[in-house]
file run.json (JSON, C-alpha atoms)
[["chain", "number", "residue", "atom", "x", "y", "z"],
["A", 1, "MET", "CA", 0.00, 0.00, 0.00],
["A", 2, "THR", "CA", 1.35, 3.41, -0.90],
["A", 3, "PRO", "CA", 0.84, 6.01, 1.82],
["A", 4, "PRO", "CA", -1.45, 8.85, 0.74],
["A", 5, "SER", "CA", 1.02, 11.36, 2.13],
["A", 6, "SER", "CA", 4.47, 11.88, 0.68],
["A", 7, "GLU", "CA", 5.54, 13.06, 4.14],
["A", 8, "TRP", "CA", 5.52, 9.53, 5.53],
["A", 9, "THR", "CA", 8.84, 7.67, 5.67],
["A", 10, "ARG", "CA", 10.18, 4.34, 6.90],
["A", 11, "ARG", "CA", 11.89, 6.31, 9.68],
["A", 12, "LEU", "CA", 8.46, 7.34, 10.95],
["A", 13, "ASP", "CA", 7.44, 3.66, 10.98],
["A", 14, "VAL", "CA", 10.35, 2.98, 13.34],
["A", 15, "ASP", "CA", 9.67, 6.09, 15.43],
["A", 16, "PHE", "CA", 6.01, 5.12, 15.84],
["A", 17, "SER", "CA", 6.88, 1.62, 17.01],
["A", 18, "ALA", "CA", 9.36, 3.13, 19.47],
["A", 19, "GLY", "CA", 6.62, 5.29, 21.02],
["A", 20, "ASP", "CA", 7.40, 8.68, 19.50],
["A", 21, "GLU", "CA", 4.27, 10.81, 19.95],
["A", 22, "GLN", "CA", 5.28, 13.05, 17.04],
["A", 23, "ALA", "CA", 5.17, 9.99, 14.79],
["A", 24, "LEU", "CA", 1.66, 9.23, 16.10],
["A", 25, "ALA", "CA", 0.57, 12.80, 15.34],
["A", 26, "GLN", "CA", 2.04, 12.57, 11.85],
["A", 27, "ALA", "CA", 0.38, 9.18, 11.28],
["A", 28, "TYR", "CA", -2.96, 10.65, 12.32],
["A", 29, "ARG", "CA", -2.57, 13.65, 10.00],
["A", 30, "SER", "CA", -1.48, 11.43, 7.13],
["A", 31, "PHE", "CA", -3.81, 8.45, 7.43],
["A", 32, "SER", "CA", -6.92, 9.42, 9.38],
["A", 33, "PRO", "CA", -8.70, 10.65, 6.21],
["A", 34, "LEU", "CA", -8.12, 7.24, 4.58],
["A", 35, "VAL", "CA", -9.18, 5.32, 7.70],
["A", 36, "PHE", "CA", -12.26, 7.55, 8.05],
["A", 37, "SER", "CA", -13.23, 7.01, 4.39],
["A", 38, "LEU", "CA", -12.99, 3.25, 4.72],
["A", 39, "ALA", "CA", -14.96, 3.27, 7.99],
["A", 40, "LEU", "CA", -17.62, 5.53, 6.49],
["A", 41, "ARG", "CA", -17.97, 3.28, 3.46],
["A", 42, "SER", "CA", -18.47, 0.24, 5.70],
["A", 43, "LEU", "CA", -20.58, 1.81, 8.46],
["A", 44, "GLY", "CA", -22.53, 4.37, 6.45],
["A", 45, "ASP", "CA", -22.63, 6.80, 9.36],
["A", 46, "ARG", "CA", -20.27, 9.75, 9.83],
["A", 47, "SER", "CA", -20.41, 9.64, 13.62],
["A", 48, "ALA", "CA", -19.73, 5.90, 13.74],
["A", 49, "ALA", "CA", -16.92, 6.31, 11.19],
["A", 50, "SER", "CA", -15.38, 9.08, 13.26],
["A", 51, "ASP", "CA", -15.55, 6.91, 16.39],
["A", 52, "ALA", "CA", -14.04, 3.96, 14.50],
["A", 53, "THR", "CA", -11.21, 6.14, 13.20],
["A", 54, "GLN", "CA", -10.37, 7.37, 16.66],
["A", 55, "GLU", "CA", -10.61, 3.86, 18.13],
["A", 56, "GLY", "CA", -8.34, 2.52, 15.37],
["A", 57, "PHE", "CA", -5.60, 4.99, 16.24],
["A", 58, "ILE", "CA", -6.04, 4.42, 19.96],
["A", 59, "ARG", "CA", -5.64, 0.67, 19.47],
["A", 60, "ALA", "CA", -2.64, 1.17, 17.21],
["A", 61, "TRP", "CA", -0.94, 3.34, 19.79],
["A", 62, "ARG", "CA", -1.85, 1.06, 22.69],
["A", 63, "PHE", "CA", -0.53, -2.03, 20.89],
["A", 64, "ARG", "CA", 2.37, -0.39, 19.05],
["A", 65, "ALA", "CA", 4.79, -2.87, 20.66],
["A", 66, "GLY", "CA", 3.19, -5.51, 18.41],
["A", 67, "TYR", "CA", 4.01, -3.53, 15.28],
["A", 68, "ASN", "CA", 7.20, -4.57, 13.49],
["A", 69, "PRO", "CA", 8.39, -1.98, 10.93],
["A", 70, "GLU", "CA", 10.49, -4.67, 9.26],
["A", 71, "ALA", "CA", 7.39, -6.78, 8.57],
["A", 72, "GLY", "CA", 5.37, -4.04, 6.87],
["A", 73, "SER", "CA", 4.48, -0.40, 6.70],
["A", 74, "LEU", "CA", 2.53, 1.42, 9.37],
["A", 75, "PRO", "CA", -0.29, 2.41, 6.97],
["A", 76, "ALA", "CA", -0.98, -1.24, 6.15],
["A", 77, "TRP", "CA", -0.88, -2.17, 9.85],
["A", 78, "LEU", "CA", -3.24, 0.72, 10.69],
["A", 79, "LEU", "CA", -5.69, -0.40, 8.04],
["A", 80, "GLY", "CA", -5.67, -3.93, 9.46],
["A", 81, "ILE", "CA", -6.47, -2.59, 12.91],
["A", 82, "SER", "CA", -9.12, -0.29, 11.45],
["A", 83, "ARG", "CA", -10.79, -3.20, 9.68],
["A", 84, "ASN", "CA", -11.05, -4.97, 13.03],
["A", 85, "VAL", "CA", -12.51, -1.84, 14.66],
["A", 86, "VAL", "CA", -15.08, -1.48, 11.88],
["A", 87, "SER", "CA", -15.96, -5.17, 12.20],
["A", 88, "ASP", "CA", -16.41, -4.73, 15.95],
["A", 89, "ALA", "CA", -18.64, -1.69, 15.34],
["A", 90, "GLN", "CA", -20.75, -3.64, 12.85],
["A", 91, "SER", "CA", -21.13, -6.51, 15.33],
["A", 92, "ALA", "CA", -22.14, -4.09, 18.09],
["A", 93, "ARG", "CA", -24.68, -2.48, 15.75],
["A", 94, "GLN", "CA", -26.15, -5.87, 14.88],
["A", 95, "LYS", "CA", -26.39, -6.75, 18.56],
["A", 96, "ARG", "CA", -28.17, -3.45, 19.33],
["A", 97, "ASN", "CA", -30.52, -4.03, 16.40],
["A", 98, "ARG", "CA", -31.38, -7.51, 17.72],
["A", 99, "ILE", "CA", -32.15, -6.06, 21.15],
["A", 100, "VAL", "CA", -34.34, -3.35, 19.64],
["A", 101, "HIS", "CA", -36.09, -5.96, 17.52],
["A", 102, "LEU", "CA", -36.70, -8.13, 20.59],
["A", 103, "ALA", "CA", -38.05, -5.14, 22.46],
["A", 104, "HIS", "CA", -40.41, -4.21, 19.62],
["A", 105, "THR", "CA", -41.62, -7.74, 18.90],
["A", 106, "ALA", "CA", -42.37, -8.35, 22.56],
["A", 107, "GLY", "CA", -45.25, -5.89, 22.34],
["A", 108, "TYR", "CA", -46.02, -4.09, 25.53],
["A", 109, "PRO", "CA", -43.50, -4.89, 28.22],
["A", 110, "ARG", "CA", -44.71, -7.57, 30.57],
["A", 111, "ALA", "CA", -43.40, -7.81, 34.10],
["A", 112, "ASP", "CA", -41.92, -11.04, 35.38],
["A", 113, "GLU", "CA", -42.56, -12.42, 38.88],
["A", 114, "ASN", "CA", -40.10, -9.87, 40.31],
["A", 115, "GLY", "CA", -41.75, -6.89, 38.62],
["A", 116, "VAL", "CA", -38.97, -6.50, 36.01],
["A", 117, "ASP", "CA", -40.31, -5.96, 32.49],
["A", 118, "GLU", "CA", -38.93, -7.91, 29.54],
["A", 119, "ILE", "CA", -37.14, -4.97, 27.93],
["A", 120, "GLU", "CA", -35.38, -4.11, 31.16],
["A", 121, "SER", "CA", -34.50, -7.77, 31.63],
["A", 122, "VAL", "CA", -32.99, -7.98, 28.14],
["A", 123, "ALA", "CA", -31.07, -4.76, 28.73],
["A", 124, "ASN", "CA", -29.78, -6.03, 32.07],
["A", 125, "ARG", "CA", -28.59, -9.31, 30.51],
["A", 126, "VAL", "CA", -26.82, -7.44, 27.71],
["A", 127, "VAL", "CA", -25.12, -5.08, 30.15],
["A", 128, "LEU", "CA", -24.12, -7.95, 32.43],
["A", 129, "ASP", "CA", -22.71, -9.96, 29.50],
["A", 130, "ALA", "CA", -20.73, -6.93, 28.34],
["A", 131, "GLU", "CA", -19.38, -6.35, 31.85],
["A", 132, "LEU", "CA", -18.37, -10.01, 32.17],
["A", 133, "GLU", "CA", -16.48, -9.70, 28.88],
["A", 134, "LEU", "CA", -14.53, -6.77, 30.33],
["A", 135, "LEU", "CA", -13.34, -8.87, 33.27],
["A", 136, "GLY", "CA", -11.04, -11.02, 31.18],
["A", 137, "GLU", "CA", -9.89, -14.51, 32.05],
["A", 138, "PRO", "CA", -9.99, -16.41, 34.35],
["A", 139, "GLN", "CA", -12.44, -14.10, 36.18],
["A", 140, "ARG", "CA", -15.07, -14.30, 33.42],
["A", 141, "SER", "CA", -15.03, -18.11, 33.39],
["A", 142, "ILE", "CA", -15.08, -18.31, 37.17],
["A", 143, "LEU", "CA", -18.15, -16.05, 37.47],
["A", 144, "ARG", "CA", -19.96, -17.85, 34.65],
["A", 145, "LEU", "CA", -19.32, -21.20, 36.33],
["A", 146, "ALA", "CA", -20.41, -19.85, 39.70],
["A", 147, "PHE", "CA", -23.56, -18.06, 38.61],
["A", 148, "CYS", "CA", -24.63, -19.59, 35.30],
["A", 149, "GLU", "CA", -23.73, -23.21, 36.03],
["A", 150, "ASP", "CA", -24.24, -22.86, 39.80],
["A", 151, "LEU", "CA", -20.96, -24.62, 40.67],
["A", 152, "THR", "CA", -19.44, -24.40, 44.14],
["A", 153, "HIS", "CA", -16.07, -22.77, 44.70],
["A", 154, "GLN", "CA", -14.51, -26.21, 45.11],
["A", 155, "GLN", "CA", -16.03, -27.46, 41.84],
["A", 156, "ILE", "CA", -14.76, -24.39, 40.01],
["A", 157, "SER", "CA", -11.31, -24.90, 41.53],
["A", 158, "SER", "CA", -11.26, -28.50, 40.31],
["A", 159, "ARG", "CA", -12.63, -27.76, 36.85],
["A", 160, "LEU", "CA", -10.21, -24.88, 36.17],
["A", 161, "ASP", "CA", -7.30, -26.45, 38.05],
["A", 162, "LEU", "CA", -6.88, -23.34, 40.22],
["A", 163, "PRO", "CA", -6.27, -23.14, 43.96],
["A", 164, "LEU", "CA", -9.47, -22.72, 45.98],
["A", 165, "GLY", "CA", -8.22, -19.46, 47.53],
["A", 166, "THR", "CA", -7.52, -18.04, 44.08],
["A", 167, "VAL", "CA", -11.05, -18.87, 42.93],
["A", 168, "LYS", "CA", -12.54, -17.20, 46.01],
["A", 169, "SER", "CA", -10.34, -14.11, 45.57],
["A", 170, "HIS", "CA", -11.25, -13.79, 41.89],
["A", 171, "ILE", "CA", -14.95, -14.04, 42.71],
["A", 172, "ARG", "CA", -14.73, -11.42, 45.48],
["A", 173, "ARG", "CA", -12.69, -8.93, 43.42],
["A", 174, "SER", "CA", -14.77, -9.50, 40.28],
["A", 175, "LEU", "CA", -18.05, -8.97, 42.09],
["A", 176, "THR", "CA", -16.68, -5.78, 43.65],
["A", 177, "ALA", "CA", -15.60, -4.50, 40.22],
["A", 178, "LEU", "CA", -18.93, -5.48, 38.65],
["A", 179, "ARG", "CA", -20.89, -3.80, 41.42],
["A", 180, "SER", "CA", -18.93, -0.59, 40.99],
["A", 181, "ARG", "CA", -19.34, -0.50, 37.20],
["A", 182, "LEU", "CA", -23.01, -1.46, 37.32],
["A", 183, "GLU", "CA", -23.73, 1.21, 39.93],
["A", 184, "THR", "CA", -22.11, 3.73, 37.59],
["A", 185, "TRP", "CA", -24.14, 2.40, 34.65],
["A", 186, "ASN", "CA", -27.41, 2.51, 36.62],
["A", 187, "ALA", "CA", -26.66, 6.06, 37.79],
["A", 188, "ALA", "CA", -26.31, 7.26, 34.18],
["A", 189, "PRO", "CA", -29.36, 9.22, 32.90]]

call {"tool": "encode", "arguments": {"input": "run.json", "output": "structure tokens"}}
result
Amino acid sequence: MTPPSSEWTRRLDVDFSAGDEQALAQAYRSFSPLVFSLALRSLGDRSAASDATQEGFIRAWRFRAGYNPEAGSLPAWLLGISRNVVSDAQSARQKRNRIVHLAHTAGYPRADENGVDEIESVANRVVLDAELELLGEPQRSILRLAFCEDLTHQQISSRLDLPLGTVKSHIRRSLTALRSRLETWNAAP
């Protein structure tokens, strides 16, 4: 791939991978219009394309240690990351559309035995699933085993081949983190 800017050099590839913020700024000036255009073409929404462009550069900077200037140019690497960001955005959009569809096809919200309507229940499950994904491993697996499969701490310890104390610590810390994030989410307008 030929960079759209004649200002870009192999030296800037090396500088970027070494963490030079000036190289990041130059990369953004040089390649953000291209990344934005590709995101816009795929997502069809300027706001979503702008978000995807920004996220692509954030990921590139965060994971710059994984970039090898000898293996390829920064523009090509950026486009690969941007494709992943766009794919993630499309998946998130499809998930939101499914939730909206479920909410609309359910008709009027009906309350369950606890007084929680179906739409709120779906939203809570989606938020909880997203929060569990943020925990990472092994915390995500431990909480799923504990609360979805209703396994005891000892059973989880055996299944995952982890010390019992480690399982208990992961559960305690994970629940504390989830509580904090969910309280923040529920406090949002």

call {"tool": "closest_residue", "arguments": {"input": "run.json", "among": "A:His170, A:Arg29, A:Lys95, A:Arg11", "to": "Glu70 in chain A", "atoms": "only C-alpha atoms"}}
result
A:Arg11

call {"tool": "residues_around", "arguments": {"input": "run.json", "residues": "Gly56 in chain A", "least_positions_apart": "6", "cutoff": "9 Å", "atoms": "all atoms listed in the file", "output": "PyMOL selection string"}}
result
chain A and resi 35+78-79+81-86

call {"tool": "residues_around", "arguments": {"input": "run.json", "residues": "His153 in chain A", "least_positions_apart": "5", "cutoff": "12 Å", "atoms": "all atoms listed in the file", "output": "PDB file with C-alpha atoms, keeping the file's coordinate frame"}}
result
ATOM      1  CA  ILE A 142     -15.080 -18.310  37.170  1.00  0.00           C
ATOM      2  CA  LEU A 143     -18.150 -16.050  37.470  1.00  0.00           C
ATOM      3  CA  ARG A 144     -19.960 -17.850  34.650  1.00  0.00           C
ATOM      4  CA  LEU A 145     -19.320 -21.200  36.330  1.00  0.00           C
ATOM      5  CA  ALA A 146     -20.410 -19.850  39.700  1.00  0.00           C
ATOM      6  CA  PHE A 147     -23.560 -18.060  38.610  1.00  0.00           C
ATOM      7  CA  SER A 158     -11.260 -28.500  40.310  1.00  0.00           C
ATOM      8  CA  ARG A 159     -12.630 -27.760  36.850  1.00  0.00           C
ATOM      9  CA  LEU A 160     -10.210 -24.880  36.170  1.00  0.00           C
ATOM     10  CA  ASP A 161      -7.300 -26.450  38.050  1.00  0.00           C
ATOM     11  CA  LEU A 162      -6.880 -23.340  40.220  1.00  0.00           C
ATOM     12  CA  PRO A 163      -6.270 -23.140  43.960  1.00  0.00           C
ATOM     13  CA  LEU A 164      -9.470 -22.720  45.980  1.00  0.00           C
ATOM     14  CA  GLY A 165      -8.220 -19.460  47.530  1.00  0.00           C
ATOM     15  CA  THR A 166      -7.520 -18.040  44.080  1.00  0.00           C
ATOM     16  CA  VAL A 167     -11.050 -18.870  42.930  1.00  0.00           C
ATOM     17  CA  LYS A 168     -12.540 -17.200  46.010  1.00  0.00           C
ATOM     18  CA  SER A 169     -10.340 -14.110  45.570  1.00  0.00           C
ATOM     19  CA  HIS A 170     -11.250 -13.790  41.890  1.00  0.00           C
ATOM     20  CA  ILE A 171     -14.950 -14.040  42.710  1.00  0.00           C
ATOM     21  CA  ARG A 172     -14.730 -11.420  45.480  1.00  0.00           C
TER      22      ARG A 172
END

call {"tool": "closest_residue", "arguments": {"input": "run.json", "among": "A:Ala49, A:Arg64, A:Gly44, A:Thr176", "to": "Glu21 in chain A", "atoms": "all atoms listed in the file"}}
result
A:Arg64

call {"tool": "atom_distance", "arguments": {"input": "run.json", "atom1": "CA of Thr53 in chain A", "atom2": "CA of Gly19 in chain A"}}
result
19.5 Å

call {"tool": "atom_distance", "arguments": {"input": "run.json", "atom1": "CA of Ser17 in chain A", "atom2": "CA of Ser50 in chain A"}}
result
23.8 Å
